[in-house]
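Coordinates as given in upload.cif (mmCIF, C-alpha atoms and all ligand atoms):
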```
data_entry
#
loop_
_atom_site.label_atom_id
_atom_site.label_comp_id
_atom_site.auth_asym_id
_atom_site.auth_seq_id
_atom_site.Cartn_x
_atom_site.Cartn_y
_atom_site.Cartn_z
CA MET A 1056 -26.65 -9.99 -33.94
CA ILE A 1057 -24.84 -13.13 -32.80
CA GLU A 1058 -21.45 -12.40 -31.26
CA THR A 1059 -18.57 -14.51 -32.54
CA PRO A 1060 -15.77 -15.40 -30.08
CA GLU A 1061 -13.53 -12.87 -31.85
CA MET A 1062 -16.11 -10.12 -31.32
CA ILE A 1063 -16.48 -11.00 -27.65
CA THR A 1064 -12.71 -10.94 -27.17
CA ARG A 1065 -12.53 -7.61 -28.95
CA SER A 1066 -15.28 -6.03 -26.87
CA ARG A 1067 -13.50 -7.19 -23.71
CA THR A 1068 -10.17 -5.75 -24.75
CA GLU A 1069 -11.79 -2.50 -25.84
CA ARG A 1070 -13.28 -1.70 -22.45
CA GLU A 1071 -12.91 1.96 -21.61
CA VAL A 1072 -9.69 2.77 -19.81
CA LEU A 1073 -10.90 4.40 -16.63
CA LEU A 1074 -7.68 5.22 -14.84
CA SER A 1075 -4.19 5.33 -16.28
CA CYS A 1076 -0.73 6.55 -15.49
CA ALA A 1077 1.95 7.35 -18.03
CA ASN A 1078 5.69 7.54 -17.30
CA VAL A 1079 5.07 8.24 -13.64
CA THR A 1080 8.16 8.72 -11.51
CA LYS A 1081 8.55 9.56 -7.83
CA GLU A 1082 11.83 10.66 -6.32
CA PHE A 1083 12.37 11.28 -2.62
CA SER A 1084 15.22 13.40 -1.32
CA VAL A 1085 16.92 11.60 1.51
CA ALA A 1086 20.09 12.23 3.46
CA GLY A 1087 22.93 11.60 1.02
CA GLY A 1088 20.93 11.58 -2.20
CA THR A 1089 17.74 10.64 -3.96
CA VAL A 1090 15.57 7.52 -3.80
CA VAL A 1091 13.68 6.71 -6.99
CA ALA A 1092 10.68 4.93 -5.44
CA VAL A 1093 8.67 4.71 -8.68
CA ASP A 1094 10.52 4.76 -11.96
CA ASP A 1095 8.75 5.51 -15.25
CA VAL A 1096 5.61 3.43 -14.63
CA SER A 1097 2.80 3.32 -17.20
CA LEU A 1098 -0.33 1.30 -16.46
CA GLU A 1099 -3.94 1.22 -17.65
CA PHE A 1100 -6.96 0.17 -15.62
CA PRO A 1101 -9.91 -0.69 -17.87
CA GLU A 1102 -13.43 -0.40 -16.53
CA ALA A 1103 -14.69 -3.44 -14.58
CA SER A 1104 -11.31 -5.13 -14.42
CA VAL A 1105 -9.14 -6.32 -11.56
CA LEU A 1106 -5.48 -5.46 -11.84
CA ALA A 1107 -2.94 -6.56 -9.26
CA VAL A 1108 0.34 -4.80 -8.66
CA VAL A 1109 2.73 -7.19 -6.96
CA GLY A 1110 6.29 -6.82 -5.73
CA GLU A 1111 8.46 -7.23 -2.68
CA SER A 1112 8.61 -4.78 0.18
CA GLY A 1113 10.08 -1.46 -0.96
CA SER A 1114 9.35 -2.01 -4.67
CA GLY A 1115 7.26 1.17 -4.83
CA LYS A 1116 3.71 -0.18 -4.75
CA SER A 1117 2.33 2.10 -2.03
CA THR A 1118 4.09 5.13 -3.46
CA LEU A 1119 2.42 4.42 -6.80
CA ALA A 1120 -0.93 3.99 -5.01
CA ARG A 1121 -0.55 7.30 -3.15
CA MET A 1122 0.17 9.11 -6.41
CA LEU A 1123 -2.80 7.48 -8.15
CA LEU A 1124 -4.97 8.60 -5.22
CA ARG A 1125 -3.53 12.09 -5.49
CA LEU A 1126 -2.37 11.89 -1.88
CA MET A 1127 1.15 12.63 -3.10
CA PRO A 1128 2.36 14.63 -6.12
CA VAL A 1129 4.23 12.94 -8.96
CA THR A 1130 7.81 13.99 -9.67
CA SER A 1131 7.05 13.54 -13.38
CA GLY A 1132 4.52 11.79 -15.57
CA THR A 1133 0.75 12.01 -15.79
CA ILE A 1134 -2.28 10.34 -14.23
CA ALA A 1135 -5.60 10.44 -16.05
CA PHE A 1136 -9.14 9.51 -15.05
CA ARG A 1137 -11.55 9.03 -17.96
CA GLY A 1138 -8.90 10.61 -20.14
CA GLN A 1139 -8.70 13.81 -18.04
CA ASP A 1140 -5.41 14.72 -16.40
CA VAL A 1141 -5.84 14.61 -12.62
CA THR A 1142 -2.30 15.52 -11.58
CA SER A 1143 -3.15 19.20 -11.21
CA LEU A 1144 -6.67 18.91 -9.76
CA SER A 1145 -7.54 20.91 -6.65
CA GLY A 1146 -10.61 21.96 -4.67
CA LYS A 1147 -13.91 20.55 -5.92
CA GLY A 1148 -12.27 18.74 -8.82
CA LEU A 1149 -10.08 16.82 -6.39
CA ARG A 1150 -12.98 16.06 -4.05
CA ASP A 1151 -14.98 14.71 -6.99
CA TYR A 1152 -12.01 12.55 -7.99
CA TRP A 1153 -11.76 11.20 -4.44
CA SER A 1154 -15.38 10.12 -4.53
CA GLU A 1155 -14.72 8.17 -7.75
CA VAL A 1156 -11.50 6.54 -6.53
CA GLN A 1157 -11.76 5.08 -3.04
CA ALA A 1158 -9.11 3.21 -1.09
CA VAL A 1159 -8.86 0.50 1.53
CA PHE A 1160 -5.58 0.05 3.39
CA GLN A 1161 -3.78 -2.63 5.31
CA ASP A 1162 -4.81 -2.05 8.88
CA PRO A 1163 -8.52 -1.42 9.30
CA PHE A 1164 -8.03 -0.96 13.03
CA ALA A 1165 -5.95 2.15 12.39
CA SER A 1166 -8.76 3.61 10.24
CA PHE A 1167 -11.33 3.24 13.03
CA ASN A 1168 -11.83 5.55 15.96
CA GLN A 1169 -12.09 2.94 18.71
CA PHE A 1170 -14.69 5.01 20.62
CA PHE A 1171 -17.16 4.98 17.72
CA THR A 1172 -19.52 2.17 16.83
CA VAL A 1173 -19.59 0.97 13.25
CA GLY A 1174 -22.92 2.78 12.83
CA SER A 1175 -21.52 6.14 13.91
CA LEU A 1176 -18.38 5.63 11.82
CA LEU A 1177 -20.43 5.01 8.67
CA ARG A 1178 -22.86 7.87 9.38
CA ARG A 1179 -19.99 10.29 9.98
CA SER A 1180 -18.42 9.30 6.66
CA LEU A 1181 -21.72 9.98 4.90
CA ALA A 1182 -22.12 13.33 6.65
CA LEU A 1183 -18.58 14.35 5.65
CA ALA A 1184 -19.44 13.47 2.06
CA ARG A 1185 -22.59 15.62 2.41
CA ILE A 1186 -24.92 12.71 1.70
CA PRO A 1187 -28.36 13.58 3.13
CA SER A 1188 -29.11 11.79 6.41
CA ASP A 1189 -32.48 10.50 5.15
CA GLU A 1190 -30.60 8.46 2.55
CA ALA A 1191 -28.06 7.15 5.05
CA ASP A 1192 -29.82 4.06 6.40
CA ALA A 1193 -30.70 2.63 3.00
CA LEU A 1194 -27.21 3.30 1.65
CA ILE A 1195 -25.55 1.71 4.67
CA GLU A 1196 -27.74 -1.37 4.37
CA GLU A 1197 -27.07 -1.65 0.64
CA CYS A 1198 -23.28 -1.36 1.02
CA LEU A 1199 -23.06 -3.71 4.00
CA GLY A 1200 -24.95 -6.16 1.80
CA TYR A 1201 -22.13 -6.10 -0.76
CA VAL A 1202 -19.75 -7.38 1.93
CA ASP A 1203 -22.27 -9.93 3.29
CA MET A 1204 -23.13 -8.06 6.47
CA ARG A 1205 -26.43 -6.99 7.99
CA PRO A 1206 -26.92 -3.66 9.78
CA ARG A 1207 -28.45 -5.24 12.86
CA ASP A 1208 -25.43 -7.50 13.34
CA VAL A 1209 -22.72 -4.85 13.09
CA LEU A 1210 -23.90 -1.25 13.50
CA HIS A 1211 -23.87 -1.37 17.32
CA LYS A 1212 -20.41 -2.94 17.49
CA PHE A 1213 -17.14 -1.28 18.45
CA PRO A 1214 -14.00 -2.05 16.41
CA HIS A 1215 -12.48 -4.33 19.07
CA GLN A 1216 -15.65 -6.46 19.05
CA MET A 1217 -15.03 -7.61 15.47
CA SER A 1218 -12.46 -9.79 13.71
CA GLY A 1219 -9.86 -8.33 11.36
CA GLY A 1220 -11.77 -9.66 8.37
CA GLN A 1221 -15.02 -8.07 9.58
CA ARG A 1222 -13.29 -4.74 10.12
CA GLN A 1223 -11.81 -4.91 6.65
CA ARG A 1224 -15.23 -5.65 5.15
CA ILE A 1225 -16.66 -2.63 6.99
CA MET A 1226 -13.92 -0.51 5.42
CA ILE A 1227 -14.82 -1.85 1.98
CA ALA A 1228 -18.50 -1.07 2.66
CA ARG A 1229 -17.54 2.45 3.76
CA ALA A 1230 -15.57 2.97 0.53
CA LEU A 1231 -18.53 1.67 -1.54
CA MET A 1232 -20.92 4.17 0.06
CA MET A 1233 -19.23 6.88 -2.01
CA ARG A 1234 -20.26 4.93 -5.12
CA PRO A 1235 -16.72 4.86 -6.51
CA LYS A 1236 -15.76 3.59 -9.94
CA VAL A 1237 -12.35 2.46 -8.71
CA LEU A 1238 -11.46 0.69 -5.48
CA LEU A 1239 -7.79 0.67 -4.62
CA ALA A 1240 -6.81 -1.93 -2.02
CA ASP A 1241 -3.24 -1.59 -0.70
CA GLU A 1242 -2.29 -4.75 1.21
CA ALA A 1243 -5.92 -4.84 2.34
CA THR A 1244 -5.78 -8.55 3.09
CA SER A 1245 -2.22 -8.80 4.40
CA MET A 1246 -3.07 -8.78 8.08
CA LEU A 1247 -5.79 -11.41 7.82
CA ASP A 1248 -5.41 -15.11 8.42
CA ALA A 1249 -5.94 -17.45 5.49
CA THR A 1250 -9.69 -18.06 5.85
CA LEU A 1251 -10.61 -14.41 6.37
CA ARG A 1252 -8.30 -13.46 3.52
CA VAL A 1253 -10.07 -15.71 1.02
CA ASN A 1254 -13.37 -14.31 2.26
CA VAL A 1255 -12.30 -10.69 1.59
CA LEU A 1256 -10.69 -11.63 -1.75
CA ASN A 1257 -13.97 -13.20 -2.84
CA VAL A 1258 -15.87 -10.06 -1.80
CA LEU A 1259 -13.50 -7.93 -3.90
CA HIS A 1260 -13.85 -10.33 -6.82
CA ASP A 1261 -17.65 -10.22 -6.73
CA LEU A 1262 -17.77 -6.41 -6.65
CA ARG A 1263 -16.44 -6.28 -10.16
CA SER A 1264 -19.34 -8.32 -11.52
CA GLU A 1265 -22.00 -6.86 -9.17
CA LEU A 1266 -21.07 -3.19 -9.45
CA GLY A 1267 -18.78 -3.04 -12.48
CA LEU A 1268 -16.07 -1.80 -10.17
CA THR A 1269 -12.46 -1.47 -11.28
CA VAL A 1270 -10.27 -2.97 -8.58
CA LEU A 1271 -6.59 -2.17 -8.13
CA PHE A 1272 -5.18 -4.75 -5.75
CA ILE A 1273 -1.72 -4.12 -4.33
CA THR A 1274 0.10 -6.94 -2.61
CA HIS A 1275 3.52 -8.47 -1.97
CA ASP A 1276 1.91 -11.90 -2.39
CA ILE A 1277 1.82 -13.11 -5.99
CA GLY A 1278 -0.48 -15.96 -4.92
CA GLN A 1279 -3.22 -13.54 -3.85
CA ALA A 1280 -2.59 -11.40 -6.93
CA CYS A 1281 -3.13 -14.33 -9.26
CA TYR A 1282 -6.14 -15.62 -7.33
CA LEU A 1283 -7.98 -12.33 -7.70
CA ALA A 1284 -6.79 -10.45 -10.75
CA ASP A 1285 -7.38 -10.58 -14.52
CA ARG A 1286 -4.10 -8.85 -15.12
CA VAL A 1287 -0.94 -8.63 -13.08
CA ALA A 1288 1.89 -6.08 -13.11
CA VAL A 1289 5.07 -6.98 -11.27
CA MET A 1290 7.20 -4.20 -9.76
CA GLU A 1291 10.85 -4.49 -8.84
CA ARG A 1292 12.75 -1.51 -7.43
CA GLY A 1293 10.25 1.01 -8.74
CA ARG A 1294 9.92 -0.40 -12.24
CA VAL A 1295 7.29 -2.59 -13.83
CA VAL A 1296 9.33 -5.60 -14.95
CA GLU A 1297 6.43 -7.78 -16.08
CA ARG A 1298 2.83 -7.30 -17.09
CA GLY A 1299 0.24 -9.55 -18.63
CA SER A 1300 -2.88 -11.57 -18.10
CA THR A 1301 -2.80 -13.71 -14.96
CA GLU A 1302 -2.40 -16.83 -17.10
CA GLU A 1303 0.54 -15.32 -19.00
CA VAL A 1304 2.28 -14.30 -15.80
CA ILE A 1305 1.80 -17.69 -14.15
CA PHE A 1306 2.48 -19.94 -17.12
CA ALA A 1307 4.96 -17.88 -19.16
CA PRO A 1308 6.71 -15.40 -16.87
CA GLN A 1309 9.23 -13.27 -18.76
CA ALA A 1310 11.21 -11.70 -15.94
CA GLU A 1311 13.59 -13.63 -13.71
CA TYR A 1312 12.17 -11.67 -10.75
CA THR A 1313 8.65 -12.95 -11.51
CA ARG A 1314 9.93 -16.51 -11.69
CA ARG A 1315 11.51 -16.06 -8.28
CA LEU A 1316 8.26 -14.73 -6.78
CA LEU A 1317 6.34 -17.63 -8.36
CA SER A 1318 8.77 -20.23 -7.01
CA ASP A 1319 7.63 -19.32 -3.49
CA VAL A 1320 4.07 -20.51 -4.26
CA PRO A 1321 4.37 -23.93 -5.89
CA ASP A 1322 0.63 -24.73 -5.85
CA LEU A 1323 -0.39 -21.54 -7.64
CA ARG A 1324 -1.50 -23.18 -10.89
CA GLY A 1325 -4.11 -25.14 -8.99
CA SER A 1326 -5.55 -22.01 -7.36
CA LEU A 1327 -6.19 -20.15 -10.61
CA ARG A 1328 -9.85 -19.19 -10.77
CA THR A 1329 -10.40 -19.68 -14.48
N1 LIG A 1401 8.27 9.57 2.26
C1 LIG A 1401 9.35 8.89 1.88
N2 LIG A 1401 10.59 9.43 1.96
C2 LIG A 1401 11.68 8.74 1.55
N3 LIG A 1401 11.64 7.51 1.00
C3 LIG A 1401 10.44 6.92 0.90
C4 LIG A 1401 9.22 7.58 1.32
N4 LIG A 1401 8.19 6.74 1.07
C5 LIG A 1401 8.71 5.63 0.52
N5 LIG A 1401 10.06 5.73 0.41
C6 LIG A 1401 10.97 4.72 -0.16
O1 LIG A 1401 10.47 4.38 -1.44
C7 LIG A 1401 10.62 2.99 -1.68
C8 LIG A 1401 9.27 2.38 -2.01
O2 LIG A 1401 8.43 2.39 -0.84
P1 LIG A 1401 6.93 1.88 -0.87
O3 LIG A 1401 6.35 2.12 0.47
O4 LIG A 1401 6.25 2.48 -2.03
O5 LIG A 1401 7.13 0.32 -1.12
P2 LIG A 1401 6.07 -0.87 -1.07
O6 LIG A 1401 6.28 -1.65 -2.33
O7 LIG A 1401 4.71 -0.35 -0.80
O8 LIG A 1401 6.58 -1.74 0.16
P3 LIG A 1401 5.72 -2.62 1.23
O9 LIG A 1401 5.41 -3.92 0.53
O10 LIG A 1401 6.70 -2.81 2.35
O11 LIG A 1401 4.50 -1.86 1.62
C9 LIG A 1401 11.30 2.42 -0.46
O12 LIG A 1401 12.68 2.37 -0.69
C10 LIG A 1401 10.99 3.42 0.62
O13 LIG A 1401 11.97 3.44 1.59
MG MG A 1402 3.30 -0.68 0.72
#
```
Target format structure tokens, applied to this file:
Amino acid sequence: MIETPEMITRSRTEREVLLSCANVTKEFSVAGGTVVAVDDVSLEFPEASVLAVVGESGSGKSTLARMLLRLMPVTSGTIAFRGQDVTSLSGKGLRDYWSEVQAVFQDPFASFNQFFTVGSLLRRSLALARIPSDEADALIEECLGYVDMRPRDVLHKFPHQMSGGQRQRIMIARALMMRPKVLLADEATSMLDATLRVNVLNVLHDLRSELGLTVLFITHDIGQACYLADRVAVMERGRVVERGSTEEVIFAPQAEYTRRLLSDVPDLRGSLRT
């Protein structure tokens, strides 16, 4: 059967929703009252898509990420993976969820033990995940390949012998070894200089097409969000104030807050991938 443009569009929009949150709220008790860090957020992450969550410091992005990762309980609302509620998972169910949803954070140096080589770091991660040691070498080589690295160049190195971008790519490779369906990157490129940043953004972009990975990219930088993502959600003080395709957000922003973020990056239209 020949696919018409309408059919192709439909099949794209009907991709399975892999991860979703509905009406998720997080309140913290602090001296003198309550902080609502995340306020009634509902988002969907379809399979093999890249969604960026963007907003200024303190807008609730990392709190949302921690709840999606089940590192922190929700105050109210639900999170579902493949349609199954994950908010009350524990034990093996939670461990299985954590192998499907992997994360990479801002400072790869903090995630390394400086006394371990990259090789021992990766092997330890595999051992902790109970992956048999006879599969380790092939898996390490495969996953380093996704981030354009070769075992013989990096396995003997200590963290301080690599650049920030190389360390971040190792962390992405480590996350991929668990064969996740979702990769959540929270400010994963924020500490990199411009060249290394583009390099890591391109690696994240390619993983979607190579592995069918769903990428959730969290950043305060709307320029990076629009460079990488198909869809963008903008958070302001815990709420999603704008959501849409990257083109919609760049060319027809609805919220005043989005317009303000966009005004900081005047050359954004030229950097759009599509
Ligand atoms: N454990 C906590 N206890 C109290 N308040 C918290 C806690 N964690 C976060 N907050 C507050 O929740 C709000 C959102 O914080 P969060 O770290 O999610 O923001 P963010 O968007 O990730 O910011 P950044 O861009 O700086 O990383 C902030 O006001 C913060 O002070
Ligand atoms: Mg944060």
Excluding Gly1293 (chain A) and its own-chain neighbours fewer than 2 positions away, which residues fall within 12 Å of it when counting only C-alpha atoms? Please give them as a PyMOL selection string. chain A and resi 1078-1082+1090-1097+1108-1119+1288-1291+1295-1296
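Remark: for Leu1176 (chain A), the closest of the candidate residues A:Leu1210, A:Lys1236, A:Thr1130, A:Ala1280 is A:Leu1210 (distances computed over all atoms listed in the file).
We find CA of Arg1222 (chain A) and CA of Phe1170 (chain A) to be spaced 14.4 Å apart.
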Distance cut-off 12 Å, centre (-29.1, 6.4, 6.6) in file coordinates, counting all atoms listed in the file: which residues qualify? Return them as JSON, numbers by chain. {"A": [1174, 1175, 1176, 1177, 1178, 1179, 1180, 1181, 1182, 1186, 1187, 1188, 1189, 1190, 1191, 1192, 1193, 1194, 1195, 1196, 1197, 1198, 1206, 1210, 1232]}
Computed gap from CA of Ala1228 (chain A) to CA of Pro1128 (chain A) is 27.5 Å
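In terms of minimum interatomic distance to Asp1203 (chain A), A:Leu1259 ranks closest within A:Leu1268, A:Ala1086, A:Leu1259, A:Ala1243, counting all atoms listed in the file.
The environment of Pro1235 (chain A) within 8 Å, counting all atoms listed in the file and disregarding residues fewer than 2 places along the same chain, consists of Ser1154, Glu1155, Val1156, Gln1157, Ala1230, Leu1231, Met1232, Met1233, Val1237, Leu1238 and Leu1268 of chain A.
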Leaving out Val1255 (chain A) and any residue of its chain fewer than 3 positions from it, which residues lie within 8 Å of it when counting all atoms listed in the file, given as an NGL selection string? :A and (1220 or 1223-1224 or 1244 or 1251-1252 or 1258-1259)
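Straight-line separation from CA of Ala1107 (chain A) to CA of Val1085 (chain A): 29.0 Å.
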Mind listing whatever residues come within 12 Å of the point (-7.7, 2.5, 10.4)? Use all atoms listed in the file, file coordinates, and give them as a PyMOL selection string. chain A and resi 1158-1169+1176+1214+1219+1222-1223+1225-1227+1229+1243
Let me know the centre plus edge lengths, in Å and rounded to one decimal, of a box with edges along x, y and z that contains all listed atoms of region 1183-1198 of chain A and is padded by 5 Å on every side, as lines of an AutoDock Vina configuration file.
```
center_x = -25.5
center_y = 7.0
center_z = 3.5
size_x = 23.9
size_y = 27.3
size_z = 15.8
```
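The residue that comes closest to ligand LIG 1401 (chain A), out of A:Leu1199, A:Ile1273, A:Leu1098, A:Met1246 and on the basis of all atoms listed in the file, is A:Ile1273.
Residues lying within 8 Å of Arg1125 (chain A), counting only C-alpha atoms and ignoring same-chain neighbours fewer than 4 positions away, are Arg1121, Val1141 and Thr1142 of chain A.
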Proximity check region 1132-1152 of chain A to region 1101-1104 of chain A, 12 Å, nearest pairs one decimal Å, only C-alpha atoms, as JSON lines:
```
{"residue": "A:Phe1136", "atom": "CA", "partner": "A:Pro1101", "partner_atom": "CA", "distance": 10.6}
{"residue": "A:Arg1137", "atom": "CA", "partner": "A:Glu1102", "partner_atom": "CA", "distance": 9.7}
{"residue": "A:Gly1138", "atom": "CA", "partner": "A:Pro1101", "partner_atom": "CA", "distance": 11.6}
```
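For the residues A:Asp1248, A:Glu1297, A:Asp1261, A:Asp1241, ranking by smallest atom-to-atom distance to Ser1218 (chain A) using only C-alpha atoms places A:Asp1248 first.
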Check the smallest atom-to-atom distance from each of A:Ile1134, A:Val1202, A:Ile1305, A:Ala1284 to Leu1074 (chain A) using all atoms listed in the file, then report the winner. A:Ile1134
I'd like to know which of A:Ala1120, A:Gly1146, A:Ser1131, A:Arg1292 is closest to ligand MG 1402 (chain A), using all atoms listed in the file. A:Ala1120
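Residues lying within 9 Å of region 1306-1311 of chain A, counting only C-alpha atoms and ignoring same-chain neighbours fewer than 5 positions away, are Val1296, Glu1297, Arg1298, Gly1299, Thr1301, Leu1316, Leu1317 and Arg1324 of chain A.
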